[in-house]
>>> print(open('structure-v3.cif').read())   # mmCIF, C-alpha atoms and all ligand atoms
data_final
#
loop_
_atom_site.label_atom_id
_atom_site.label_comp_id
_atom_site.auth_asym_id
_atom_site.auth_seq_id
_atom_site.Cartn_x
_atom_site.Cartn_y
_atom_site.Cartn_z
CA MET Q 131 1.70 -13.65 20.76
CA ILE Q 132 2.72 -14.36 17.16
CA PRO Q 133 2.08 -10.99 15.43
CA TYR Q 134 0.48 -10.69 11.98
CA GLY Q 135 3.48 -8.74 10.70
CA ARG Q 136 6.87 -7.71 11.98
CA GLN Q 137 10.08 -6.04 10.78
CA SER Q 138 13.29 -8.06 10.26
CA LEU Q 139 16.35 -6.09 11.37
CA ASP Q 140 19.94 -7.28 11.66
CA GLN Q 141 23.33 -5.92 12.74
CA ALA Q 142 23.97 -4.42 9.29
CA ASP Q 143 20.80 -2.31 9.67
CA ILE Q 144 21.89 -1.12 13.12
CA ASP Q 145 25.42 -0.32 11.88
CA ALA Q 146 24.00 1.66 8.93
CA VAL Q 147 21.91 3.83 11.27
CA VAL Q 148 24.77 4.37 13.72
CA ALA Q 149 27.08 5.42 10.87
CA VAL Q 150 24.66 8.22 9.95
CA LEU Q 151 24.43 9.37 13.57
CA GLN Q 152 28.24 9.76 13.54
CA SER Q 153 28.22 11.70 10.23
CA ASP Q 154 27.62 15.35 9.34
CA TRP Q 155 24.15 14.88 7.86
CA LEU Q 156 21.13 13.79 9.82
CA THR Q 157 18.35 14.75 7.46
CA GLN Q 158 17.98 14.76 3.69
CA GLY Q 159 21.68 14.31 3.02
CA PRO Q 160 23.61 11.85 0.87
CA ALA Q 161 21.83 8.71 2.14
CA ILE Q 162 18.51 9.97 0.73
CA GLU Q 163 19.88 10.18 -2.80
CA ARG Q 164 21.53 6.78 -2.47
CA PHE Q 165 18.29 5.20 -1.25
CA GLU Q 166 16.28 6.89 -4.00
CA SER Q 167 18.69 5.77 -6.75
CA ALA Q 168 18.94 2.23 -5.44
CA LEU Q 169 15.18 1.73 -5.24
CA ALA Q 170 14.62 3.39 -8.63
CA ALA Q 171 17.20 1.02 -10.13
CA ARG Q 172 15.64 -2.03 -8.46
CA CYS Q 173 12.22 -1.05 -9.82
CA GLN Q 174 13.46 0.11 -13.26
CA ALA Q 175 12.06 3.61 -12.68
CA SER Q 176 13.69 6.87 -13.81
CA HIS Q 177 12.95 8.89 -10.67
CA ALA Q 178 12.29 8.25 -7.00
CA VAL Q 179 11.37 10.84 -4.35
CA ALA Q 180 11.70 9.80 -0.70
CA VAL Q 181 9.33 11.29 1.87
CA CYS Q 182 8.45 10.89 5.55
CA ASN Q 183 5.69 8.29 5.02
CA ALA Q 184 3.44 6.86 2.30
CA THR Q 185 0.52 9.04 3.36
CA ALA Q 186 2.62 12.11 2.52
CA ALA Q 187 3.73 10.37 -0.69
CA LEU Q 188 0.09 9.88 -1.73
CA HIS Q 189 -0.71 13.51 -0.85
CA ILE Q 190 2.03 15.02 -3.03
CA ALA Q 191 1.43 12.46 -5.79
CA CYS Q 192 -2.19 13.69 -5.96
CA LEU Q 193 -1.07 17.34 -5.97
CA ALA Q 194 1.50 16.63 -8.71
CA ALA Q 195 -1.34 14.97 -10.67
CA GLY Q 196 -3.13 18.32 -10.48
CA LEU Q 197 -5.87 17.14 -8.12
CA GLY Q 198 -7.74 20.01 -6.48
CA PRO Q 199 -11.16 21.29 -5.42
CA GLY Q 200 -13.88 20.28 -7.87
CA ASP Q 201 -11.91 17.18 -8.96
CA ARG Q 202 -12.60 13.55 -8.16
CA LEU Q 203 -10.41 10.73 -6.88
CA TRP Q 204 -11.55 7.12 -7.02
CA THR Q 205 -10.05 4.21 -5.12
CA THR Q 206 -10.97 0.87 -3.58
CA PRO Q 207 -12.88 0.64 -0.29
CA ASN Q 208 -10.65 -2.32 0.71
CA THR Q 209 -7.61 -0.29 1.72
CA PHE Q 210 -6.04 1.72 4.48
CA LEU Q 211 -7.59 5.15 5.07
CA ALA Q 212 -4.65 6.99 3.48
CA SER Q 213 -5.48 5.83 -0.10
CA ALA Q 214 -8.71 7.85 0.11
CA ASN Q 215 -7.75 10.63 2.52
CA CYS Q 216 -5.11 11.91 0.07
CA GLY Q 217 -7.97 13.02 -2.18
CA LEU Q 218 -9.66 14.91 0.65
CA TYR Q 219 -6.36 16.64 1.58
CA CYS Q 220 -6.44 18.16 -1.92
CA GLY Q 221 -10.01 19.34 -1.55
CA ALA Q 222 -11.22 16.77 -4.09
CA GLN Q 223 -14.28 14.53 -3.85
CA VAL Q 224 -13.57 10.87 -3.08
CA ASP Q 225 -15.52 7.92 -4.45
CA PHE Q 226 -14.93 4.18 -4.50
CA VAL Q 227 -15.03 1.26 -6.93
CA ASP Q 228 -16.04 -2.12 -5.51
CA ILE Q 229 -13.61 -5.06 -5.31
CA ASP Q 230 -13.11 -8.14 -7.42
CA PRO Q 231 -14.55 -11.09 -5.42
CA LEU Q 232 -11.51 -13.25 -6.25
CA THR Q 233 -8.47 -11.00 -5.81
CA TRP Q 234 -10.09 -8.49 -3.40
CA ASN Q 235 -8.47 -5.74 -5.48
CA LEU Q 236 -10.28 -2.86 -7.19
CA ASP Q 237 -12.40 -4.51 -9.90
CA ALA Q 238 -11.28 -3.36 -13.37
CA SER Q 239 -14.63 -4.13 -15.01
CA ALA Q 240 -16.56 -2.28 -12.29
CA LEU Q 241 -14.20 0.64 -12.92
CA ALA Q 242 -14.90 0.50 -16.67
CA ARG Q 243 -18.67 0.58 -16.05
CA LYS Q 244 -18.43 3.45 -13.59
CA LEU Q 245 -16.22 5.45 -15.99
CA ALA Q 246 -18.66 5.01 -18.87
CA LEU Q 247 -21.45 6.33 -16.67
CA ALA Q 248 -19.34 9.20 -15.32
CA GLU Q 249 -18.46 10.26 -18.86
CA GLN Q 250 -22.15 10.71 -19.67
CA GLU Q 251 -22.69 12.67 -16.47
CA GLY Q 252 -19.51 14.73 -16.76
CA THR Q 253 -18.15 13.41 -13.47
CA LEU Q 254 -14.95 11.64 -14.56
CA PRO Q 255 -12.16 11.32 -11.98
CA ARG Q 256 -8.83 13.12 -12.35
CA VAL Q 257 -7.02 10.46 -10.29
CA VAL Q 258 -7.53 6.74 -9.69
CA VAL Q 259 -5.55 5.19 -6.82
CA ALA Q 260 -5.10 1.48 -7.55
CA VAL Q 261 -4.05 -0.33 -4.38
CA ALA Q 262 -1.93 -3.47 -4.77
CA PHE Q 263 -3.81 -5.20 -1.97
CA SER Q 264 -1.68 -7.62 0.08
CA GLY Q 265 1.17 -7.15 -2.42
CA GLN Q 266 -0.61 -8.17 -5.61
CA SER Q 267 -1.13 -5.49 -8.27
CA CYS Q 268 -4.55 -4.76 -9.73
CA GLU Q 269 -5.12 -5.54 -13.41
CA MET Q 270 -2.78 -2.69 -14.29
CA GLN Q 271 -2.82 -3.36 -18.02
CA ALA Q 272 -6.59 -2.82 -18.15
CA LEU Q 273 -6.39 0.12 -15.75
CA SER Q 274 -3.71 1.94 -17.76
CA GLN Q 275 -5.78 1.46 -20.91
CA LEU Q 276 -8.75 3.03 -19.12
CA ALA Q 277 -6.47 5.86 -17.91
CA ARG Q 278 -5.57 6.68 -21.52
CA GLU Q 279 -9.17 6.37 -22.70
CA TYR Q 280 -10.68 8.55 -19.97
CA GLY Q 281 -7.72 10.81 -19.23
CA PHE Q 282 -7.14 10.17 -15.53
CA VAL Q 283 -3.80 9.92 -13.73
CA LEU Q 284 -3.16 6.38 -12.48
CA ILE Q 285 -1.40 6.21 -9.10
CA GLU Q 286 -0.50 2.76 -7.83
CA ASP Q 287 -0.60 2.61 -4.03
CA ALA Q 288 1.99 -0.17 -3.78
CA SER Q 289 2.50 0.25 -0.04
CA HIS Q 290 2.19 -3.55 0.20
CA ALA Q 291 4.13 -4.36 -2.95
CA VAL Q 292 7.80 -3.34 -2.78
CA GLY Q 293 9.58 -6.17 -4.63
CA ALA Q 294 6.46 -7.45 -6.41
CA SER Q 295 6.15 -7.61 -10.18
CA TYR Q 296 3.40 -7.37 -12.78
CA ALA Q 297 3.49 -8.54 -16.41
CA GLY Q 298 7.19 -9.26 -16.04
CA SER Q 299 8.14 -5.77 -14.80
CA PRO Q 300 8.85 -4.70 -11.24
CA VAL Q 301 6.04 -2.81 -9.51
CA GLY Q 302 7.16 0.82 -9.71
CA SER Q 303 8.59 0.53 -13.23
CA GLY Q 304 6.02 3.01 -14.50
CA ARG Q 305 4.99 0.76 -17.37
CA PHE Q 306 1.37 1.11 -16.30
CA ALA Q 307 1.08 3.66 -13.49
CA ASP Q 308 2.06 7.34 -13.78
CA MET Q 309 3.29 7.27 -10.20
CA THR Q 310 3.85 4.44 -7.72
CA VAL Q 311 3.85 4.90 -3.96
CA PHE Q 312 5.68 2.67 -1.46
CA SER Q 313 5.45 2.57 2.34
CA PHE Q 314 8.27 1.60 4.69
CA HIS Q 315 6.21 1.25 7.85
CA PRO Q 316 7.62 -1.59 10.02
CA VAL Q 317 4.96 -4.13 9.03
CA LYS Q 318 5.54 -3.55 5.30
CA ILE Q 319 8.09 -5.34 3.09
CA ILE Q 320 11.15 -3.23 3.98
CA THR Q 321 11.20 -0.59 6.71
CA THR Q 322 12.63 2.83 7.56
CA ALA Q 323 10.40 3.00 10.71
CA GLU Q 324 8.35 5.74 9.02
CA GLY Q 325 8.94 6.40 5.35
CA GLY Q 326 7.55 6.49 1.86
CA MET Q 327 8.62 6.96 -1.75
CA VAL Q 328 7.06 8.07 -5.04
CA LEU Q 329 8.45 6.53 -8.24
CA THR Q 330 7.79 7.93 -11.70
CA ASN Q 331 9.31 8.03 -15.17
CA ARG Q 332 8.19 11.61 -15.79
CA ALA Q 333 10.86 14.21 -15.03
CA ASP Q 334 8.25 16.98 -14.67
CA LEU Q 335 6.37 15.03 -12.00
CA ALA Q 336 9.59 14.15 -10.15
CA GLU Q 337 10.66 17.79 -10.06
CA HIS Q 338 7.25 18.86 -8.79
CA LEU Q 339 7.23 16.12 -6.14
CA ARG Q 340 10.65 17.26 -4.85
CA ARG Q 341 9.42 20.84 -4.56
CA LEU Q 342 6.21 19.83 -2.77
CA ARG Q 343 8.29 17.74 -0.35
CA SER Q 344 10.16 20.85 0.72
CA HIS Q 345 7.87 23.87 1.21
CA GLY Q 346 7.33 24.58 -2.49
CA MET Q 347 10.84 26.07 -2.61
CA THR Q 348 13.13 26.27 -5.62
CA ARG Q 349 16.79 27.20 -6.06
CA ASP Q 350 16.53 26.93 -9.86
CA PRO Q 351 16.96 30.43 -11.40
CA ALA Q 352 14.88 29.33 -14.40
CA GLN Q 353 11.82 28.98 -12.13
CA MET Q 354 12.26 32.28 -10.29
CA SER Q 355 10.20 35.41 -10.85
CA GLU Q 356 13.28 37.69 -10.63
CA PRO Q 357 17.08 37.35 -10.83
CA SER Q 358 18.75 35.63 -7.90
CA HIS Q 359 19.76 37.92 -5.00
CA GLY Q 360 22.88 35.79 -4.36
CA PRO Q 361 24.12 32.35 -3.41
CA TRP Q 362 21.73 32.12 -0.43
CA TYR Q 363 18.64 32.83 -2.49
CA TYR Q 364 15.59 30.64 -2.88
CA GLN Q 365 12.00 31.30 -3.77
CA GLN Q 366 8.74 29.72 -2.66
CA ILE Q 367 6.73 29.39 -5.85
CA GLU Q 368 3.86 27.25 -4.55
CA LEU Q 369 2.53 25.87 -1.25
CA GLY Q 370 4.55 22.84 -0.18
CA PHE Q 371 5.27 20.91 3.01
CA ASN Q 372 8.04 19.51 5.15
CA TYR Q 373 7.65 15.88 4.11
CA ARG Q 374 11.38 15.09 4.16
CA MET Q 375 12.80 11.73 5.16
CA THR Q 376 15.83 11.73 7.47
CA ASP Q 377 19.22 10.33 6.46
CA ILE Q 378 18.95 7.99 9.44
CA GLN Q 379 15.83 6.46 7.87
CA ALA Q 380 17.29 6.39 4.37
CA ALA Q 381 20.39 4.54 5.60
CA LEU Q 382 18.13 1.95 7.22
CA GLY Q 383 16.13 1.70 4.00
CA LEU Q 384 19.26 1.13 1.92
CA SER Q 385 20.43 -1.58 4.26
CA GLN Q 386 16.98 -3.19 4.19
CA LEU Q 387 16.92 -3.02 0.40
CA ASP Q 388 20.00 -5.30 0.34
CA LYS Q 389 17.78 -7.99 1.85
CA LEU Q 390 14.66 -7.42 -0.25
CA GLU Q 391 15.04 -10.48 -2.47
CA GLY Q 392 15.48 -12.72 0.58
CA PHE Q 393 12.45 -11.19 2.31
CA ILE Q 394 10.28 -11.72 -0.78
CA ALA Q 395 11.51 -15.29 -1.26
CA ARG Q 396 10.65 -16.12 2.34
CA ARG Q 397 7.20 -14.50 2.06
CA ARG Q 398 6.48 -16.43 -1.15
CA TYR Q 399 7.61 -19.65 0.52
CA LEU Q 400 5.30 -19.03 3.49
CA ALA Q 401 2.38 -18.14 1.18
CA GLU Q 402 2.80 -21.37 -0.76
CA ARG Q 403 3.05 -23.28 2.49
CA TYR Q 404 -0.18 -21.68 3.80
CA ARG Q 405 -1.86 -22.56 0.51
CA GLN Q 406 -1.04 -26.22 1.05
CA LEU Q 407 -1.66 -26.34 4.81
CA LEU Q 408 -5.07 -24.66 4.53
CA ALA Q 409 -6.30 -26.71 1.57
CA ASP Q 410 -8.74 -28.89 3.55
CA LEU Q 411 -10.12 -26.17 5.84
CA PRO Q 412 -13.41 -24.30 5.27
CA VAL Q 413 -11.60 -21.12 4.24
CA THR Q 414 -11.07 -19.33 0.93
CA ARG Q 415 -7.43 -18.63 0.13
CA PRO Q 416 -6.23 -15.56 -1.77
CA GLY Q 417 -7.18 -15.51 -5.45
CA LEU Q 418 -4.23 -14.83 -7.74
CA GLN Q 419 -4.17 -13.31 -11.19
CA ALA Q 420 -1.76 -14.76 -13.69
CA GLN Q 421 0.03 -11.47 -14.49
CA ALA Q 422 0.96 -10.57 -10.91
CA GLU Q 423 3.70 -11.91 -8.66
CA SER Q 424 2.74 -10.78 -5.18
CA ALA Q 425 5.16 -9.51 -2.54
CA TRP Q 426 2.85 -11.14 0.05
CA HIS Q 427 2.69 -8.33 2.56
CA LEU Q 428 -0.47 -9.96 3.91
CA TYR Q 429 -1.88 -13.47 3.88
CA VAL Q 430 -5.65 -13.08 4.14
CA ILE Q 431 -8.18 -15.91 4.31
CA ARG Q 432 -11.97 -15.67 4.13
CA LEU Q 433 -14.04 -17.90 6.39
CA GLN Q 434 -16.67 -20.01 4.63
CA LEU Q 435 -19.14 -19.21 7.40
CA GLU Q 436 -21.89 -21.49 6.06
CA ARG Q 437 -19.51 -24.42 6.74
CA ILE Q 438 -18.43 -23.18 10.18
CA GLY Q 439 -20.67 -23.19 13.28
CA LEU Q 440 -19.04 -20.01 14.62
CA THR Q 441 -19.26 -16.34 13.81
CA HIS Q 442 -16.40 -14.48 12.14
CA ARG Q 443 -15.84 -12.57 15.36
CA ARG Q 444 -15.74 -15.75 17.49
CA VAL Q 445 -13.06 -17.30 15.25
CA PHE Q 446 -11.04 -14.06 15.33
CA GLU Q 447 -11.27 -13.79 19.12
CA ALA Q 448 -10.42 -17.47 19.63
CA LEU Q 449 -7.28 -17.05 17.49
CA ARG Q 450 -6.21 -14.01 19.53
CA ALA Q 451 -6.91 -15.95 22.75
CA ALA Q 452 -4.67 -18.74 21.42
CA GLY Q 453 -1.79 -16.27 21.00
CA ILE Q 454 -2.16 -15.75 17.26
CA GLY Q 455 -2.04 -12.02 16.57
CA VAL Q 456 -4.44 -12.06 13.64
CA ASN Q 457 -5.71 -8.80 12.18
CA LEU Q 458 -8.33 -7.61 9.71
CA HIS Q 459 -7.43 -5.74 6.53
CA TYR Q 460 -9.57 -3.77 5.89
CA ILE Q 461 -12.67 -2.18 7.35
CA PRO Q 462 -14.25 -0.74 4.16
CA VAL Q 463 -13.22 2.92 4.13
CA HIS Q 464 -16.69 4.12 3.07
CA LEU Q 465 -18.15 2.72 6.32
CA GLN Q 466 -15.93 4.90 8.52
CA PRO Q 467 -17.98 7.56 10.36
CA TYR Q 468 -16.05 10.34 8.61
CA TYR Q 469 -16.97 8.94 5.19
CA ARG Q 470 -20.59 8.19 6.16
CA GLU Q 471 -20.76 11.87 7.05
CA LEU Q 472 -19.82 12.55 3.40
CA GLY Q 473 -22.81 10.52 2.24
CA PHE Q 474 -21.64 6.89 1.99
CA ALA Q 475 -23.74 4.13 3.53
CA GLU Q 476 -23.86 0.40 4.12
CA GLY Q 477 -24.69 -1.43 0.90
CA ASP Q 478 -22.78 0.98 -1.35
CA PHE Q 479 -19.97 -1.52 -2.08
CA PRO Q 480 -21.38 -4.97 -1.29
CA GLU Q 481 -18.34 -7.05 -2.34
CA ALA Q 482 -16.05 -5.10 0.00
CA GLU Q 483 -18.61 -5.37 2.78
CA ARG Q 484 -19.05 -9.13 2.34
CA TYR Q 485 -15.28 -9.51 2.27
CA TYR Q 486 -15.05 -7.56 5.55
CA SER Q 487 -17.51 -9.96 7.22
CA GLU Q 488 -15.28 -12.98 6.45
CA ALA Q 489 -11.63 -11.85 6.24
CA ILE Q 490 -8.79 -12.60 8.66
CA SER Q 491 -5.10 -11.75 8.14
CA LEU Q 492 -2.86 -14.59 9.33
CA PRO Q 493 0.74 -13.99 10.52
CA MET Q 494 3.05 -13.31 7.57
CA TYR Q 495 6.60 -11.94 7.86
CA PRO Q 496 10.09 -13.23 7.00
CA GLY Q 497 10.91 -14.10 10.63
CA LEU Q 498 7.89 -16.43 10.96
CA SER Q 499 9.32 -19.95 11.33
CA ASP Q 500 7.83 -23.06 9.71
CA GLU Q 501 7.03 -24.33 13.23
CA GLN Q 502 5.20 -21.12 14.13
CA GLN Q 503 3.28 -21.31 10.88
CA ASP Q 504 2.30 -24.92 11.64
CA HIS Q 505 1.14 -23.75 15.05
CA VAL Q 506 -1.02 -21.01 13.49
CA VAL Q 507 -2.70 -23.52 11.18
CA ASP Q 508 -3.14 -26.09 13.98
CA GLN Q 509 -4.87 -23.51 16.16
CA LEU Q 510 -7.09 -22.38 13.28
CA ARG Q 511 -8.01 -26.03 12.54
CA ARG Q 512 -8.82 -26.69 16.21
CA ILE Q 513 -11.03 -23.58 16.43
CA LEU Q 514 -12.87 -24.29 13.16
CA ASN Q 515 -13.44 -27.93 14.24
CA SER Q 516 -14.86 -26.79 17.59
CA GLY Q 517 -17.47 -24.89 15.59
CA SER Q 518 -18.50 -27.82 13.43
CA GLU Q 519 -19.02 -29.94 16.58
CA HIS Q 520 -21.75 -27.49 17.62
CA ALA Q 521 -23.11 -26.89 14.14
C1 LIG T 1 0.47 1.45 5.15
C2 LIG T 1 -0.36 1.96 4.05
C3 LIG T 1 -0.42 3.32 3.72
C4 LIG T 1 0.18 4.40 4.56
O1 LIG T 1 1.51 4.21 4.80
P1 LIG T 1 2.29 5.11 5.85
O2 LIG T 1 3.72 4.95 5.41
O3 LIG T 1 2.03 4.51 7.19
O4 LIG T 1 1.80 6.49 5.75
C5 LIG T 1 -1.14 3.69 2.59
N1 LIG T 1 -1.79 2.80 1.85
C6 LIG T 1 -1.78 1.48 2.16
C7 LIG T 1 -2.52 0.53 1.28
C8 LIG T 1 -1.08 1.03 3.28
O5 LIG T 1 -1.11 -0.26 3.60
#
>>> encode(input="structure-v3.cif", output="structure tokens", more="lines below")
Ligand SMILES: *Cc1c(COP(=O)(O)O)cnc(C)c1O
Amino acid sequence: MIPYGRQSLDQADIDAVVAVLQSDWLTQGPAIERFESALAARCQASHAVAVCNATAALHIACLAAGLGPGDRLWTTPNTFLASANCGLYCGAQVDFVDIDPLTWNLDASALARKLALAEQEGTLPRVVVAVAFSGQSCEMQALSQLAREYGFVLIEDASHAVGASYAGSPVGSGRFADMTVFSFHPVKIITTAEGGMVLTNRADLAEHLRRLRSHGMTRDPAQMSEPSHGPWYYQQIELGFNYRMTDIQAALGLSQLDKLEGFIARRRYLAERYRQLLADLPVTRPGLQAQAESAWHLYVIRLQLERIGLTHRRVFEALRAAGIGVNLHYIPVHLQPYYRELGFAEGDFPEAERYYSEAISLPMYPGLSDEQQDHVVDQLRRILNSGSEHA
């Protein structure tokens, strides 16, 4: 089976991990700071805070944004559960903004309309999570303008977009978003097995994120309610968590970061090759916006079902049966039973729902060879042709 995504590890990665295992520090030691500084430098951000996964990163980013009970968080329905769940963890209400039919990202004009309405009703969000779907940022310029106008905190969930850029700046630079979150899950752009990071240019947010990562503890006398009892002393000044990343993971991340440019180049090459190979098939290829240079975490196509004599599910199953490990990103979050229980229903976000009825993620990862990619397209062509014979 050719998977839809897969990590690329080499001997240097393995050596980096083994070196940590032979050192004095296994968790949150010197490798963490090196990984944080290196990624902050690569993304032109002032601060980076490494945590155990991107879900935890989103959780503490929301808390640092001040999100709590009675507040609202808005995001796109076309995302992984975590982009919305982080709002519920904080006791906030979650709502969604439908997607742009071309880029499949949160639609900036739909957001503007919803904000104008919410202002009249006094229901403005405190946080908007803008997901860089498949590695391509949303219209961040427009979104950051709306953030200033309506006073919400803009968090970019760039789990798919390490190494991407927008308007000439690296994703994570903080030019548009207050905080940017990355994931290092094995299918993402670089991996630490499990891992996440929050980038920001605001020192106050970075300090708060570090405290939330580690039990809400401080060793800074300036933050303590009484004089220090001695060199061992710390105080818990708020409720935090153990969301630490290990040094083993950070060493792997650093080693992976060395290869980021090569990974991105290969993903861009494969995306361009898909664009050409798929040109004459009854599928819609990803819509790009001029400002964004995608990291191409995913390569999603939409079936033009009116031109194909097969259902979406039949095409998906036939690809799996042919050894192509296709996937579907994403089931609209508002249609999950847990979210329906909160009051959402079919028809609430029609663009995301229509997208879901047509989308298929094709294999996309640096180790995918040109020959394997040709094979994927040949199989897709054969399956789509078998439909038109019956149509
Ligand atoms: C993978 C992913 C996450 C969660 O990442 P973890 O590191 O697995 O917690 C969040 N948001 C999006 C959009 C993702 O793709």
>>> residues_near_ligand(input="structure-v3.cif", ligand="ligand LIG 1 (chain T)", cutoff="10 Å", atoms="all atoms listed in the file", output="short mmCIF file (atom, residue, chain, number, x, y, z; two decimals) with C-alpha atoms, in the frame of the given file")
data_model
loop_
_atom_site.label_atom_id
_atom_site.label_comp_id
_atom_site.auth_asym_id
_atom_site.auth_seq_id
_atom_site.Cartn_x
_atom_site.Cartn_y
_atom_site.Cartn_z
CA VAL Q 181 9.33 11.29 1.87
CA CYS Q 182 8.45 10.89 5.55
CA ASN Q 183 5.69 8.29 5.02
CA ALA Q 184 3.44 6.86 2.30
CA THR Q 185 0.52 9.04 3.36
CA ALA Q 186 2.62 12.11 2.52
CA ALA Q 187 3.73 10.37 -0.69
CA LEU Q 188 0.09 9.88 -1.73
CA HIS Q 189 -0.71 13.51 -0.85
CA THR Q 206 -10.97 0.87 -3.58
CA ASN Q 208 -10.65 -2.32 0.71
CA THR Q 209 -7.61 -0.29 1.72
CA PHE Q 210 -6.04 1.72 4.48
CA LEU Q 211 -7.59 5.15 5.07
CA ALA Q 212 -4.65 6.99 3.48
CA SER Q 213 -5.48 5.83 -0.10
CA ALA Q 214 -8.71 7.85 0.11
CA ASN Q 215 -7.75 10.63 2.52
CA CYS Q 216 -5.11 11.91 0.07
CA VAL Q 259 -5.55 5.19 -6.82
CA ALA Q 260 -5.10 1.48 -7.55
CA VAL Q 261 -4.05 -0.33 -4.38
CA ALA Q 262 -1.93 -3.47 -4.77
CA PHE Q 263 -3.81 -5.20 -1.97
CA SER Q 264 -1.68 -7.62 0.08
CA GLY Q 265 1.17 -7.15 -2.42
CA GLU Q 286 -0.50 2.76 -7.83
CA ASP Q 287 -0.60 2.61 -4.03
CA ALA Q 288 1.99 -0.17 -3.78
CA SER Q 289 2.50 0.25 -0.04
CA HIS Q 290 2.19 -3.55 0.20
CA ALA Q 291 4.13 -4.36 -2.95
CA VAL Q 311 3.85 4.90 -3.96
CA PHE Q 312 5.68 2.67 -1.46
CA SER Q 313 5.45 2.57 2.34
CA PHE Q 314 8.27 1.60 4.69
CA HIS Q 315 6.21 1.25 7.85
CA PRO Q 316 7.62 -1.59 10.02
CA VAL Q 317 4.96 -4.13 9.03
CA LYS Q 318 5.54 -3.55 5.30
CA THR Q 321 11.20 -0.59 6.71
CA THR Q 322 12.63 2.83 7.56
CA ALA Q 323 10.40 3.00 10.71
CA GLU Q 324 8.35 5.74 9.02
CA GLY Q 325 8.94 6.40 5.35
CA GLY Q 326 7.55 6.49 1.86
CA MET Q 327 8.62 6.96 -1.75
CA HIS Q 427 2.69 -8.33 2.56
CA LEU Q 428 -0.47 -9.96 3.91
CA HIS Q 459 -7.43 -5.74 6.53
CA TYR Q 460 -9.57 -3.77 5.89
#
>>> residues_around(input="structure-v3.cif", residues="range 382-391 of chain Q", least_positions_apart="6", cutoff="6 Å", atoms="all atoms listed in the file", output="list in words")
Asp143, Val147, Phe165, Ile320 and Thr322 of chain Q
>>> closest_atom_pairs(input="structure-v3.cif", of="range 266-341 of chain Q", to="range 247-256 of chain Q", cutoff="9 Å", atoms="only C-alpha atoms", output="tab-separated table")
residue	atom	partner	partner_atom	distance
Q:Tyr280	CA	Q:Leu254	CA	7.6
Q:Gly281	CA	Q:Arg256	CA	7.3
Q:Phe282	CA	Q:Arg256	CA	4.7
Q:Val283	CA	Q:Arg256	CA	6.1
Q:Leu284	CA	Q:Arg256	CA	8.8
>>> closest_residue(input="structure-v3.cif", among="Q:Asp201, Q:Glu436, Q:Asp237, Q:Glu447", to="Val224 in chain Q", atoms="only C-alpha atoms")
Q:Asp201
>>> atom_distance(input="structure-v3.cif", atom1="CA of Asn372 in chain Q", atom2="CA of Ser344 in chain Q")
5.1 Å
